[in-house]
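Data block for my_file_21.pdb (PDB, C-alpha atoms and all ligand atoms):
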```
ATOM      1  CA  MET A   1     -70.567  85.609 213.019
ATOM      2  CA  ASP A   2     -67.746  84.150 210.888
ATOM      3  CA  HIS A   3     -69.989  84.449 207.798
ATOM      4  CA  PHE A   4     -70.257  88.232 208.278
ATOM      5  CA  ILE A   5     -66.513  88.574 208.891
ATOM      6  CA  GLU A   6     -65.742  86.550 205.760
ATOM      7  CA  LYS A   7     -68.076  88.734 203.676
ATOM      8  CA  ASN A   8     -66.370  91.844 205.054
ATOM      9  CA  ARG A   9     -62.946  90.369 204.279
ATOM     10  CA  GLN A  10     -64.029  89.887 200.651
ATOM     11  CA  LEU A  11     -65.313  93.452 200.632
ATOM     12  CA  TRP A  12     -61.998  94.883 201.895
ATOM     13  CA  ASN A  13     -59.997  92.763 199.465
ATOM     14  CA  ALA A  14     -62.113  94.224 196.655
ATOM     15  CA  LYS A  15     -61.875  97.800 197.953
ATOM     16  CA  THR A  16     -58.112  97.812 198.405
ATOM     17  CA  PRO A  17     -56.978  98.136 194.747
ATOM     18  CA  TYR A  18     -59.291 101.149 194.346
ATOM     19  CA  HIS A  19     -57.949 102.709 197.539
ATOM     20  CA  VAL A  20     -54.304 102.222 196.597
ATOM     21  CA  LYS A  21     -54.769 104.191 193.357
ATOM     22  CA  SER A  22     -57.190 106.801 194.740
ATOM     23  CA  ASP A  23     -56.445 110.509 195.213
ATOM     24  CA  PHE A  24     -57.996 110.099 198.661
ATOM     25  CA  TYR A  25     -55.039 108.095 200.012
ATOM     26  CA  GLU A  26     -52.334 110.300 198.371
ATOM     27  CA  LEU A  27     -50.020 107.369 197.765
ATOM     28  CA  ASP A  28     -47.589 109.276 195.514
ATOM     29  CA  ALA A  29     -47.167 112.079 198.029
ATOM     30  CA  PHE A  30     -46.777 109.506 200.809
ATOM     31  CA  LYS A  31     -44.058 107.691 198.838
ATOM     32  CA  LYS A  32     -42.243 111.016 198.409
ATOM     33  CA  GLY A  33     -42.199 111.456 202.185
ATOM     34  CA  LYS A  34     -45.496 113.096 203.138
ATOM     35  CA  ASN A  35     -46.702 112.188 206.625
ATOM     36  CA  VAL A  36     -50.382 111.326 206.023
ATOM     37  CA  LEU A  37     -51.221 110.856 209.698
ATOM     38  CA  ARG A  38     -53.630 113.472 211.027
ATOM     39  CA  GLU A  39     -53.076 116.078 213.739
ATOM     40  CA  ILE A  40     -55.315 114.150 216.161
ATOM     41  CA  GLU A  41     -53.109 111.064 216.410
ATOM     42  CA  LEU A  42     -49.845 112.970 215.888
ATOM     43  CA  GLU A  43     -50.619 115.204 218.879
ATOM     44  CA  GLY A  44     -52.202 112.320 220.818
ATOM     45  CA  LEU A  45     -49.221 109.998 220.637
ATOM     46  CA  GLY A  46     -46.377 112.536 220.363
ATOM     47  CA  ASP A  47     -42.858 111.124 220.121
ATOM     48  CA  VAL A  48     -43.023 107.435 219.186
ATOM     49  CA  SER A  49     -39.340 106.924 218.371
ATOM     50  CA  GLY A  50     -37.865 103.725 219.769
ATOM     51  CA  LYS A  51     -41.291 102.450 220.818
ATOM     52  CA  SER A  52     -42.954  99.229 219.708
ATOM     53  CA  LEU A  53     -46.313  99.995 218.094
ATOM     54  CA  LEU A  54     -49.111  97.600 217.161
ATOM     55  CA  HIS A  55     -51.502  99.039 214.564
ATOM     56  CA  LEU A  56     -54.844  97.211 214.516
ATOM     57  CA  GLN A  57     -56.762  97.279 211.198
ATOM     58  CA  CYS A  58     -53.884  98.947 209.402
ATOM     59  CA  HIS A  59     -55.385  98.707 205.875
ATOM     60  CA  PHE A  60     -52.580  98.940 203.266
ATOM     61  CA  GLY A  61     -50.156 100.278 205.784
ATOM     62  CA  GLN A  62     -49.667 103.967 204.992
ATOM     63  CA  ASP A  63     -50.368 105.119 208.528
ATOM     64  CA  THR A  64     -48.319 102.262 209.989
ATOM     65  CA  LEU A  65     -45.376 103.218 207.788
ATOM     66  CA  CYS A  66     -45.685 106.873 208.818
ATOM     67  CA  TRP A  67     -45.192 105.769 212.424
ATOM     68  CA  SER A  68     -42.200 103.695 211.194
ATOM     69  CA  ARG A  69     -40.708 106.753 209.527
ATOM     70  CA  MET A  70     -41.095 108.527 212.879
ATOM     71  CA  GLY A  71     -38.932 105.854 214.512
ATOM     72  CA  ALA A  72     -41.475 103.388 215.917
ATOM     73  CA  ARG A  73     -40.982  99.623 215.521
ATOM     74  CA  CYS A  74     -44.314  98.807 213.930
ATOM     75  CA  THR A  75     -46.476  95.743 213.496
ATOM     76  CA  GLY A  76     -49.598  96.220 211.389
ATOM     77  CA  VAL A  77     -52.544  93.837 211.518
ATOM     78  CA  ASP A  78     -55.355  93.443 209.045
ATOM     79  CA  PHE A  79     -57.523  90.570 207.780
ATOM     80  CA  SER A  80     -57.295  91.665 204.108
ATOM     81  CA  SER A  81     -54.581  89.779 202.198
ATOM     82  CA  GLU A  82     -54.814  92.379 199.387
ATOM     83  CA  ALA A  83     -54.176  95.210 201.832
ATOM     84  CA  LEU A  84     -51.243  93.427 203.433
ATOM     85  CA  THR A  85     -49.638  92.577 200.084
ATOM     86  CA  ALA A  86     -49.722  96.299 199.251
ATOM     87  CA  ALA A  87     -48.444  97.188 202.749
ATOM     88  CA  ARG A  88     -45.496  94.774 202.500
ATOM     89  CA  GLU A  89     -44.590  96.083 199.025
ATOM     90  CA  LEU A  90     -44.599  99.656 200.321
ATOM     91  CA  ASN A  91     -42.527  98.655 203.339
ATOM     92  CA  GLN A  92     -39.930  97.092 201.045
ATOM     93  CA  GLU A  93     -39.972  99.884 198.459
ATOM     94  CA  LEU A  94     -39.426 102.518 201.153
ATOM     95  CA  GLY A  95     -36.767 100.505 203.009
ATOM     96  CA  LEU A  96     -38.738 100.481 206.267
ATOM     97  CA  ASP A  97     -38.828  97.774 208.926
ATOM     98  CA  ALA A  98     -42.542  97.259 209.709
ATOM     99  CA  LYS A  99     -44.026  93.771 209.996
ATOM    100  CA  PHE A 100     -47.499  92.932 208.782
ATOM    101  CA  VAL A 101     -49.670  90.140 210.170
ATOM    102  CA  GLU A 102     -52.770  88.816 208.424
ATOM    103  CA  SER A 103     -55.437  88.130 211.018
ATOM    104  CA  ASP A 104     -58.948  88.862 212.136
ATOM    105  CA  VAL A 105     -58.294  91.346 214.918
ATOM    106  CA  LEU A 106     -60.465  89.283 217.270
ATOM    107  CA  LYS A 107     -58.280  86.188 216.615
ATOM    108  CA  LEU A 108     -54.952  87.958 216.871
ATOM    109  CA  LYS A 109     -53.826  86.030 219.955
ATOM    110  CA  ASP A 110     -53.648  82.919 217.733
ATOM    111  CA  ASN A 111     -51.436  84.679 215.194
ATOM    112  CA  LEU A 112     -49.096  87.030 217.050
ATOM    113  CA  ASP A 113     -46.869  86.901 220.142
ATOM    114  CA  GLY A 114     -45.408  89.739 222.140
ATOM    115  CA  SER A 115     -46.463  92.953 223.805
ATOM    116  CA  PHE A 116     -46.175  96.562 222.727
ATOM    117  CA  ASP A 117     -45.541 100.037 224.147
ATOM    118  CA  ILE A 118     -48.367 101.419 222.003
ATOM    119  CA  VAL A 119     -51.531  99.916 220.518
ATOM    120  CA  PHE A 120     -53.107 102.170 217.898
ATOM    121  CA  THR A 121     -56.224 102.038 215.731
ATOM    122  CA  SER A 122     -58.032 104.660 213.698
ATOM    123  CA  TYR A 123     -60.886 105.946 211.530
ATOM    124  CA  GLY A 124     -63.339 103.382 210.283
ATOM    125  CA  ALA A 125     -62.069 100.417 212.298
ATOM    126  CA  ILE A 126     -64.367  99.294 215.117
ATOM    127  CA  GLY A 127     -67.630  99.405 213.163
ATOM    128  CA  TRP A 128     -66.495  96.195 211.426
ATOM    129  CA  LEU A 129     -66.214  94.359 214.743
ATOM    130  CA  PRO A 130     -69.195  92.594 216.326
ATOM    131  CA  ASP A 131     -67.786  92.299 219.822
ATOM    132  CA  LEU A 132     -65.943  95.107 221.581
ATOM    133  CA  LYS A 133     -65.453  93.004 224.728
ATOM    134  CA  ALA A 134     -63.249  90.626 222.704
ATOM    135  CA  TRP A 135     -61.613  93.608 220.967
ATOM    136  CA  ALA A 136     -60.772  95.282 224.290
ATOM    137  CA  LYS A 137     -59.300  91.973 225.537
ATOM    138  CA  THR A 138     -57.074  91.943 222.441
ATOM    139  CA  VAL A 139     -55.984  95.539 223.055
ATOM    140  CA  SER A 140     -55.171  94.815 226.699
ATOM    141  CA  HIS A 141     -53.464  91.486 225.918
ATOM    142  CA  PHE A 142     -50.970  93.121 223.529
ATOM    143  CA  LEU A 143     -50.325  96.257 225.596
ATOM    144  CA  LYS A 144     -47.391  96.320 228.027
ATOM    145  CA  LEU A 145     -48.118  97.416 231.581
ATOM    146  CA  GLY A 146     -47.866 101.203 231.523
ATOM    147  CA  GLY A 147     -48.268 101.184 227.728
ATOM    148  CA  THR A 148     -50.535 103.532 225.765
ATOM    149  CA  PHE A 149     -53.654 102.693 223.785
ATOM    150  CA  PHE A 150     -54.774 105.378 221.341
ATOM    151  CA  ILE A 151     -57.877 105.320 219.186
ATOM    152  CA  ALA A 152     -59.074 108.064 216.833
ATOM    153  CA  GLU A 153     -62.398 107.030 215.367
ATOM    154  CA  PHE A 154     -65.590 108.372 213.830
ATOM    155  CA  HIS A 155     -68.039 109.361 216.534
ATOM    156  CA  PRO A 156     -70.863 106.947 217.495
ATOM    157  CA  PHE A 157     -73.308 109.813 216.906
ATOM    158  CA  LEU A 158     -72.133 110.116 213.299
ATOM    159  CA  TYR A 159     -72.795 106.428 212.697
ATOM    160  CA  THR A 160     -76.494 106.916 213.453
ATOM    161  CA  LEU A 161     -76.814 109.084 210.322
ATOM    162  CA  ASP A 162     -77.269 108.324 206.649
ATOM    163  CA  TRP A 163     -74.334 110.455 205.440
ATOM    164  CA  GLY A 164     -75.991 111.220 202.118
ATOM    165  CA  LYS A 165     -79.514 112.109 203.237
ATOM    166  CA  LEU A 166     -78.479 113.266 206.732
ATOM    167  CA  THR A 167     -81.380 111.438 208.320
ATOM    168  CA  LEU A 168     -81.387 109.231 211.399
ATOM    169  CA  ALA A 169     -80.799 105.800 209.854
ATOM    170  CA  TYR A 170     -79.012 103.422 212.255
ATOM    171  CA  ASN A 171     -79.177 102.237 215.840
ATOM    172  CA  TYR A 172     -76.972 103.994 218.355
ATOM    173  CA  PHE A 173     -76.805 100.886 220.553
ATOM    174  CA  ASN A 174     -75.325  97.564 219.439
ATOM    175  CA  GLN A 175     -78.165  95.068 219.129
ATOM    176  CA  GLY A 176     -75.851  92.121 218.305
ATOM    177  CA  GLU A 177     -77.091  91.623 214.747
ATOM    178  CA  PRO A 178     -75.181  93.670 212.165
ATOM    179  CA  ASP A 179     -76.581  96.262 209.799
ATOM    180  CA  HIS A 180     -76.368  95.028 206.230
ATOM    181  CA  GLU A 181     -75.923  97.034 203.046
ATOM    182  CA  ILE A 182     -74.722  96.545 199.507
ATOM    183  CA  THR A 183     -71.715  98.761 198.930
ATOM    184  CA  ASP A 184     -72.065 101.299 196.157
ATOM    185  CA  GLY A 185     -68.519 102.425 195.378
ATOM    186  CA  THR A 186     -66.231 103.242 198.263
ATOM    187  CA  TYR A 187     -65.443 106.392 200.251
ATOM    188  CA  ALA A 188     -62.043 106.731 198.551
ATOM    189  CA  ASP A 189     -63.537 106.225 195.074
ATOM    190  CA  PRO A 190     -67.341 106.730 194.968
ATOM    191  CA  GLY A 191     -67.408 105.696 191.289
ATOM    192  CA  ALA A 192     -65.707 102.338 191.898
ATOM    193  CA  ASP A 193     -67.553  99.369 190.450
ATOM    194  CA  LEU A 194     -68.171  97.667 193.807
ATOM    195  CA  LYS A 195     -71.469  96.063 194.705
ATOM    196  CA  LEU A 196     -70.761  93.758 197.621
ATOM    197  CA  ASP A 197     -72.291  92.850 200.975
ATOM    198  CA  GLU A 198     -71.075  94.767 203.973
ATOM    199  CA  TYR A 199     -71.917  94.106 207.610
ATOM    200  CA  PHE A 200     -71.264  96.580 210.386
ATOM    201  CA  TRP A 201     -72.136  97.135 214.011
ATOM    202  CA  PRO A 202     -72.866 100.356 215.915
ATOM    203  CA  HIS A 203     -70.987 100.887 219.176
ATOM    204  CA  SER A 204     -72.181 103.367 221.760
ATOM    205  CA  PHE A 205     -69.690 105.536 223.642
ATOM    206  CA  GLU A 206     -70.480 103.531 226.782
ATOM    207  CA  GLU A 207     -69.706 100.257 224.993
ATOM    208  CA  ILE A 208     -66.388 101.575 223.633
ATOM    209  CA  LEU A 209     -65.137 103.136 226.854
ATOM    210  CA  MET A 210     -66.382 100.537 229.328
ATOM    211  CA  SER A 211     -65.126  97.563 227.312
ATOM    212  CA  LEU A 212     -61.614  99.061 227.542
ATOM    213  CA  MET A 213     -61.888 100.114 231.198
ATOM    214  CA  ASN A 214     -63.141  96.648 232.128
ATOM    215  CA  GLU A 215     -59.874  95.255 230.728
ATOM    216  CA  GLY A 216     -57.755  97.422 233.030
ATOM    217  CA  LEU A 217     -57.226 100.453 230.824
ATOM    218  CA  GLN A 218     -57.308 103.822 232.542
ATOM    219  CA  LEU A 219     -58.581 106.896 230.723
ATOM    220  CA  LYS A 220     -56.000 109.665 230.285
ATOM    221  CA  GLU A 221     -57.639 111.814 227.639
ATOM    222  CA  LEU A 222     -60.954 111.934 225.788
ATOM    223  CA  LYS A 223     -61.543 114.412 222.952
ATOM    224  CA  GLU A 224     -64.433 115.048 220.586
ATOM    225  CA  TYR A 225     -63.957 116.989 217.356
ATOM    226  CA  PRO A 226     -66.566 119.083 215.480
ATOM    227  CA  TRP A 227     -64.944 118.228 212.107
ATOM    228  CA  SER A 228     -63.636 115.190 210.281
ATOM    229  CA  PRO A 229     -59.973 114.810 209.312
ATOM    230  CA  TYR A 230     -61.091 113.063 206.092
ATOM    231  CA  PRO A 231     -63.547 114.173 203.366
ATOM    232  CA  CYS A 232     -65.209 110.758 203.385
ATOM    233  CA  PHE A 233     -68.826 111.960 203.162
ATOM    234  CA  PRO A 234     -70.911 112.615 200.054
ATOM    235  CA  ASN A 235     -71.299 116.356 200.528
ATOM    236  CA  VAL A 236     -68.502 118.098 202.430
ATOM    237  CA  LYS A 237     -66.964 121.542 202.802
ATOM    238  CA  SER A 238     -63.431 122.296 203.921
ATOM    239  CA  VAL A 239     -63.166 124.202 207.209
ATOM    240  CA  GLY A 240     -59.372 124.183 207.514
ATOM    241  CA  GLU A 241     -56.380 122.050 206.612
ATOM    242  CA  ASN A 242     -57.491 118.389 206.787
ATOM    243  CA  ARG A 243     -60.779 119.432 208.377
ATOM    244  CA  TRP A 244     -64.153 118.820 206.771
ATOM    245  CA  LYS A 245     -67.827 119.131 207.718
ATOM    246  CA  PHE A 246     -71.119 118.318 206.026
ATOM    247  CA  ALA A 247     -71.730 121.205 203.622
ATOM    248  CA  ASN A 248     -75.359 121.683 204.655
ATOM    249  CA  VAL A 249     -75.121 121.288 208.437
ATOM    250  CA  GLU A 250     -74.624 124.448 210.448
ATOM    251  CA  LYS A 251     -75.028 122.807 213.873
ATOM    252  CA  GLU A 252     -71.919 121.826 215.803
ATOM    253  CA  ILE A 253     -71.966 118.031 215.884
ATOM    254  CA  PRO A 254     -69.224 115.521 216.763
ATOM    255  CA  TYR A 255     -67.492 113.854 213.814
ATOM    256  CA  VAL A 256     -64.583 112.129 215.502
ATOM    257  CA  PHE A 257     -63.394 111.247 218.994
ATOM    258  CA  SER A 258     -60.089 110.116 220.421
ATOM    259  CA  LEU A 259     -59.209 108.185 223.576
ATOM    260  CA  LYS A 260     -55.805 107.909 225.153
ATOM    261  CA  MET A 261     -55.597 105.207 227.802
ATOM    262  CA  THR A 262     -52.886 103.424 229.760
ATOM    263  CA  LYS A 263     -52.765  99.871 231.026
ATOM    264  CA  THR A 264     -52.513  99.832 234.793
TER     265      THR A 264
HETATM  266  C1  LIG B 301     -61.319 102.034 207.053
HETATM  267  S1  LIG B 301     -59.985 100.934 207.120
HETATM  268  C2  LIG B 301     -58.995 101.581 208.391
HETATM  269  C3  LIG B 301     -58.275 102.692 207.837
HETATM  270  C4  LIG B 301     -57.095 103.157 208.647
HETATM  271  N1  LIG B 301     -57.430 104.401 209.269
HETATM  272  C5  LIG B 301     -55.863 103.300 207.773
HETATM  273  O1  LIG B 301     -55.990 103.606 206.559
HETATM  274  O2  LIG B 301     -54.781 103.067 208.246
HETATM  275  C6  LIG B 301     -60.658  99.505 207.925
HETATM  276  C7  LIG B 301     -59.692  98.318 207.882
HETATM  277  O3  LIG B 301     -60.179  97.337 208.805
HETATM  278  C8  LIG B 301     -59.917  96.069 208.265
HETATM  279  N2  LIG B 301     -60.794  95.116 208.971
HETATM  280  C9  LIG B 301     -62.148  95.098 208.996
HETATM  281  N3  LIG B 301     -62.594  94.111 209.807
HETATM  282  C10 LIG B 301     -61.474  93.490 210.296
HETATM  283  C11 LIG B 301     -61.271  92.402 211.183
HETATM  284  N4  LIG B 301     -62.292  91.741 211.728
HETATM  285  N5  LIG B 301     -59.997  92.042 211.469
HETATM  286  C12 LIG B 301     -58.935  92.694 210.916
HETATM  287  N6  LIG B 301     -59.071  93.734 210.064
HETATM  288  C13 LIG B 301     -60.327  94.128 209.763
HETATM  289  C14 LIG B 301     -60.167  96.214 206.779
HETATM  290  O4  LIG B 301     -59.529  95.221 206.007
HETATM  291  C15 LIG B 301     -59.595  97.619 206.523
HETATM  292  O5  LIG B 301     -58.264  97.529 206.098
END
```
Structure translated into structure tokens:
Amino acid sequence: MDHFIEKNRQLWNAKTPYHVKSDFYELDAFKKGKNVLREIELEGLGDVSGKSLLHLQCHFGQDTLCWSRMGARCTGVDFSSEALTAARELNQELGLDAKFVESDVLKLKDNLDGSFDIVFTSYGAIGWLPDLKAWAKTVSHFLKLGGTFFIAEFHPFLYTLDWGKLTLAYNYFNQGEPDHEITDGTYADPGADLKLDEYFWPHSFEEILMSLMNEGLQLKELKEYPWSPYPCFPNVKSVGENRWKFANVEKEIPYVFSLKMTKT
């Protein structure tokens, strides 16, 4: 498994410089004060001021630093050194107080101590993880008793589709072995000169929810959304502020889900 994780780490190190300068991530607007978090997580978590927040798979830290600006004491985790270098530079430039830890999320116990009021992860995170049992153990390990776990993520249904051709292309259930593709560009910059291996795993709704419940997390809220908060597909139409759908699909399908859970 480590071979796949290492390949993915190389992939994310290569993607990061493109993402930092992309229109997609709106870095200039973010630096000027724009809150780039989406309505789903803003409404889901509400007031975070004074709370300790662990952000798993934080990429180059924009979302983490938005939570910091809202008063949370944030720790961001990612396995990409490139992403964390950019995150730490932003943290310093903006005079914020977030910490960033370089680690495979499934090995975080070896690299971080402490427990948190909130554990948060979002959009495009868990598909890179082979083992949600180990992931859920990590979530539970770092969450204080009574603390809140919040995930906003692309829907397992969506991950069965080829987003370009809109055909059924991937397993819904995790078979253990990853799907393998050669990246062609990246969602934030489709023209980027990136041709690298990527390995990803499908996770059914049952696998996601039960792995967390089996680690003592209790479900407070489950939502499914018939739009995506990011235009990260090849052919999208806007259906509202920060809401996109496939341009050629009239049916109401789920794009994103969120779970709010507490540790009991
Ligand atoms: C699509 S991005 C998440 C984006 C996130 N919504 C944001 O911008 O704040 C996925 C992130 O997961 C990270 N990642 C992938 N596999 C990982 C792993 N095993 N451990 C830690 N980070 C990982 C990548 O480096 C990347 O930064």
Could the residues of chain A that have an atom at most 9 Å from ligand LIG 301 (chain B) be listed as JSON lines, each with its closest atom pair and the distance in Å to one decimal, counting only C-alpha atoms and all ligand atoms and ordered by chain and ascending residue number?
```
{"residue": "A:Ile5", "atom": "CA", "partner": "B:LIG301", "partner_atom": "N4", "distance": 6.0}
{"residue": "A:Glu6", "atom": "CA", "partner": "B:LIG301", "partner_atom": "N4", "distance": 8.6}
{"residue": "A:Asn8", "atom": "CA", "partner": "B:LIG301", "partner_atom": "N3", "distance": 6.5}
{"residue": "A:Arg9", "atom": "CA", "partner": "B:LIG301", "partner_atom": "O4", "distance": 6.2}
{"residue": "A:Gln10", "atom": "CA", "partner": "B:LIG301", "partner_atom": "O4", "distance": 8.8}
{"residue": "A:Leu11", "atom": "CA", "partner": "B:LIG301", "partner_atom": "O4", "distance": 8.1}
{"residue": "A:Trp12", "atom": "CA", "partner": "B:LIG301", "partner_atom": "O4", "distance": 4.8}
{"residue": "A:Asn13", "atom": "CA", "partner": "B:LIG301", "partner_atom": "O4", "distance": 7.0}
{"residue": "A:Lys15", "atom": "CA", "partner": "B:LIG301", "partner_atom": "O4", "distance": 8.8}
{"residue": "A:Thr16", "atom": "CA", "partner": "B:LIG301", "partner_atom": "O5", "distance": 7.7}
{"residue": "A:Tyr25", "atom": "CA", "partner": "B:LIG301", "partner_atom": "O1", "distance": 8.0}
{"residue": "A:Leu37", "atom": "CA", "partner": "B:LIG301", "partner_atom": "O2", "distance": 8.7}
{"residue": "A:His55", "atom": "CA", "partner": "B:LIG301", "partner_atom": "O2", "distance": 8.2}
{"residue": "A:Leu56", "atom": "CA", "partner": "B:LIG301", "partner_atom": "N6", "distance": 7.1}
{"residue": "A:Gln57", "atom": "CA", "partner": "B:LIG301", "partner_atom": "O3", "distance": 4.2}
{"residue": "A:Cys58", "atom": "CA", "partner": "B:LIG301", "partner_atom": "O2", "distance": 4.4}
{"residue": "A:His59", "atom": "CA", "partner": "B:LIG301", "partner_atom": "O5", "distance": 3.1}
{"residue": "A:Phe60", "atom": "CA", "partner": "B:LIG301", "partner_atom": "O5", "distance": 6.5}
{"residue": "A:Gly61", "atom": "CA", "partner": "B:LIG301", "partner_atom": "O2", "distance": 5.9}
{"residue": "A:Gln62", "atom": "CA", "partner": "B:LIG301", "partner_atom": "O2", "distance": 6.1}
{"residue": "A:Asp63", "atom": "CA", "partner": "B:LIG301", "partner_atom": "O2", "distance": 4.9}
{"residue": "A:Thr64", "atom": "CA", "partner": "B:LIG301", "partner_atom": "O2", "distance": 6.7}
{"residue": "A:Val77", "atom": "CA", "partner": "B:LIG301", "partner_atom": "C12", "distance": 6.5}
{"residue": "A:Asp78", "atom": "CA", "partner": "B:LIG301", "partner_atom": "N6", "distance": 3.9}
{"residue": "A:Phe79", "atom": "CA", "partner": "B:LIG301", "partner_atom": "C12", "distance": 4.0}
{"residue": "A:Ser80", "atom": "CA", "partner": "B:LIG301", "partner_atom": "O4", "distance": 4.6}
{"residue": "A:Ser81", "atom": "CA", "partner": "B:LIG301", "partner_atom": "O4", "distance": 8.3}
{"residue": "A:Glu82", "atom": "CA", "partner": "B:LIG301", "partner_atom": "O4", "distance": 8.6}
{"residue": "A:Ala83", "atom": "CA", "partner": "B:LIG301", "partner_atom": "O5", "distance": 6.3}
{"residue": "A:Leu84", "atom": "CA", "partner": "B:LIG301", "partner_atom": "O5", "distance": 8.6}
{"residue": "A:Glu102", "atom": "CA", "partner": "B:LIG301", "partner_atom": "C12", "distance": 7.7}
{"residue": "A:Ser103", "atom": "CA", "partner": "B:LIG301", "partner_atom": "C12", "distance": 5.8}
{"residue": "A:Asp104", "atom": "CA", "partner": "B:LIG301", "partner_atom": "N5", "distance": 3.4}
{"residue": "A:Val105", "atom": "CA", "partner": "B:LIG301", "partner_atom": "N5", "distance": 3.9}
{"residue": "A:Leu106", "atom": "CA", "partner": "B:LIG301", "partner_atom": "N4", "distance": 6.3}
{"residue": "A:Lys107", "atom": "CA", "partner": "B:LIG301", "partner_atom": "N5", "distance": 8.0}
{"residue": "A:Leu108", "atom": "CA", "partner": "B:LIG301", "partner_atom": "N5", "distance": 8.4}
{"residue": "A:Thr121", "atom": "CA", "partner": "B:LIG301", "partner_atom": "N1", "distance": 7.0}
{"residue": "A:Ser122", "atom": "CA", "partner": "B:LIG301", "partner_atom": "N1", "distance": 4.5}
{"residue": "A:Tyr123", "atom": "CA", "partner": "B:LIG301", "partner_atom": "N1", "distance": 4.4}
{"residue": "A:Gly124", "atom": "CA", "partner": "B:LIG301", "partner_atom": "C1", "distance": 4.0}
{"residue": "A:Ala125", "atom": "CA", "partner": "B:LIG301", "partner_atom": "C6", "distance": 4.7}
{"residue": "A:Ile126", "atom": "CA", "partner": "B:LIG301", "partner_atom": "N3", "distance": 7.6}
{"residue": "A:Gly127", "atom": "CA", "partner": "B:LIG301", "partner_atom": "N3", "distance": 8.0}
{"residue": "A:Trp128", "atom": "CA", "partner": "B:LIG301", "partner_atom": "N3", "distance": 4.7}
{"residue": "A:Leu129", "atom": "CA", "partner": "B:LIG301", "partner_atom": "N4", "distance": 5.6}
{"residue": "A:Pro130", "atom": "CA", "partner": "B:LIG301", "partner_atom": "N4", "distance": 8.3}
{"residue": "A:Ala152", "atom": "CA", "partner": "B:LIG301", "partner_atom": "N1", "distance": 8.6}
{"residue": "A:Glu153", "atom": "CA", "partner": "B:LIG301", "partner_atom": "N1", "distance": 8.3}
```
Local residues around (-67.5, 101.0, 227.9), at most 12 Å away, using all atoms listed in the file, as a ChimeraX atom specification: /A:131-133,135-136,173,203-219,259
Box dimensions and centre (Å, one decimal) enclosing segment 7-13 of chain A, axis-aligned, 4 Å extra per side, as lines of an AutoDock Vina configuration file:
```
center_x = -64.0
center_y = 91.8
center_z = 202.3
size_x = 16.1
size_y = 14.1
size_z = 13.6
```
Of A:Leu45, A:Leu112, A:Leu196, A:Val256, the one nearest to Lys223 of chain A when counting only C-alpha atoms is A:Val256
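If you apply the PyMOL selection byres (((chain A and resi 231-242) around 10) and not hetatm) to this structure, you end up with Phe24, Arg38, Glu39, Asp162, Trp163, Gly164, Lys165, Leu166, Thr186, Tyr187, Ala188, Asp189, Pro190, Trp227, Ser228, Pro229, Tyr230, Arg243, Trp244, Lys245, Phe246, Ala247, Asn248 and Val249 of chain A.
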Taking the file above as input, evaluate the PyMOL selection byres (((chain A and resi 184) around 8) and not hetatm) and report the hits as a ChimeraX atom specification. /A:182-183,185-186,190,192-196
Please determine, counting only C-alpha atoms, which residue among A:Glu224, A:Asp179, A:Glu43, A:Asp117 has the shortest atom-to-atom distance to Pro254 of chain A.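 For Pro254 of chain A, the nearest of the candidates is A:Glu224.
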Interatomic distance (Å, one decimal) between atom CA of Pro226 of chain A and atom CA of Ile253 of chain A: 5.5 Å
Here is a test: counting all atoms listed in the file, which residue of A:Val119, A:Val48, A:Leu94, A:Leu42 is nearest to Gly76 of chain A?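 Answer, going by the shortest atom-to-atom distance: A:Val119.
The space between atom CA of Leu145 of chain A and atom CA of Ser115 of chain A spans 9.1 Å.
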